[in-house]
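Q: Handing you a structure now.
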Number of protein chains: 2
Amino acid sequence: MKFCSHCGARLDQRIPSGDDRPRFVCDRCQTIHYQNPKIVVGTIPEWDDQLLLCRRAIEPRSGMWTLPAGYLENRETMMDGARRETREEAGAELTTLAPFALFDLPFISQVYMMFRGPLASTDYHPGQESLEVRLFAQADIPWNDLAFAVVRETLECYFSDRNNGQFKLHTGTIVPPPGMPRQPHCQ
Amino acid sequence: MKFCSHCGARLDQRIPSGDDRPRFVCDRCQTIHYQNPKIVVGTIPEWDDQLLLCRRAIEPRSGMWTLPAGYLENRETMMDGARRETREEAGAELTTLAPFALFDLPFISQVYMMFRGPLASTDYHPGQESLEVRLFAQADIPWNDLAFAVVRETLECYFSDRNNGQFKLHTGTIVPPPGMPRQPHCQ
């Protein structure tokens, strides 16, 4: 961020009066440009005992497997956004959704909200951002080829709950293990 | 948003190729400026059977009562942000926190994450954005002078759960009633 999006002047970065952290400040129109975390919404699409995963067609982590997820849009609820991302990336519709996991990813200033729910049918196909979309039983999940730490954590929580016979809402902070990329998703 | 924050050129608003909604696009440096919902984090501070509310010193809804809450900052977890806002607005520290409510406010492109938990002590005082900070028993909650619909909903869920003897995590979409302001919080 170098220029003011309101008036086009060059920005300064400093701690505004009454604040406690550096912000981008415009000395011409006095606008303070705050930057805040983004919300990623996604789903765990179920079909009997199988889950639908997408193989990424885009960087980062192109070729690796992930759950359908992406940035929440303005004027959208989290559940609507999760359905939209599932439609866009996996060509799939879901029936009822339940909140499943809400994770902080402070190292990349993101919050992930994941829902789980049954597919409406086996009518699915890869969208622009996916190379392939496939159902996996628990024994076949490609654990070594998952795109992001948050996807691994979500799937581990899911199978743990399912094997215990009760789904909970999971919260917590994701710390990327060494070798996992710091940027999980592009818009 | 009129100017590109990367290069200072005037922006155009149009649907980029491969997208499905209008974005601010820079024709000079090709940057697409996405705009996404913000996360507001806050708390329900408990002291025995009373809750701590703040009377707002700033617009919108100056003079009305609210729960301590504000925008999540980059590189911050939601729980840390909720503690920080409680410190800033109510001069109060909390012990353990539990997730209590996660609400969509699509009409203002916000998501509210509210935690509940006991105050560490009765050492509290109004911060810069509060006129007054006070403990209220359920019978004394100023229902007619609450600042925002999301605060009313959070308190109604809280007392309902408490009276039923069990706290749950609440989710849902807030629709502002007529007369309630559409903009709940400033940074």
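Ligands are numbered from 1 in the order shown, chains are lettered A, B, ... in the order of the structure tokens, and residues start at 1 in each chain.
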Up to 9 Å from chain B, what residues of chain A turn up? Count only C-alpha atoms and give them as a PyMOL selection string.
A: chain A and resi 1-11+18+34-39+71-78+99+103-111+128+169+171-173+187
Q: Would you mind listing what lies within 10 Å of Ser62 of chain A as a list in words, with only C-alpha atoms counted and same-chain residues fewer than 4 positions away left out?
A: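 Using only C-alpha atoms, the neighbours found are Arg55, Arg56, Ala57, Ile58, Glu129, Ser130, Leu131 and Ala147 of chain A.
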Q: Which one is closest to Gly63 of chain A: A:Glu132, A:Asp12, A:Asp49, A:Glu89? Count only C-alpha atoms.
A: A:Glu132
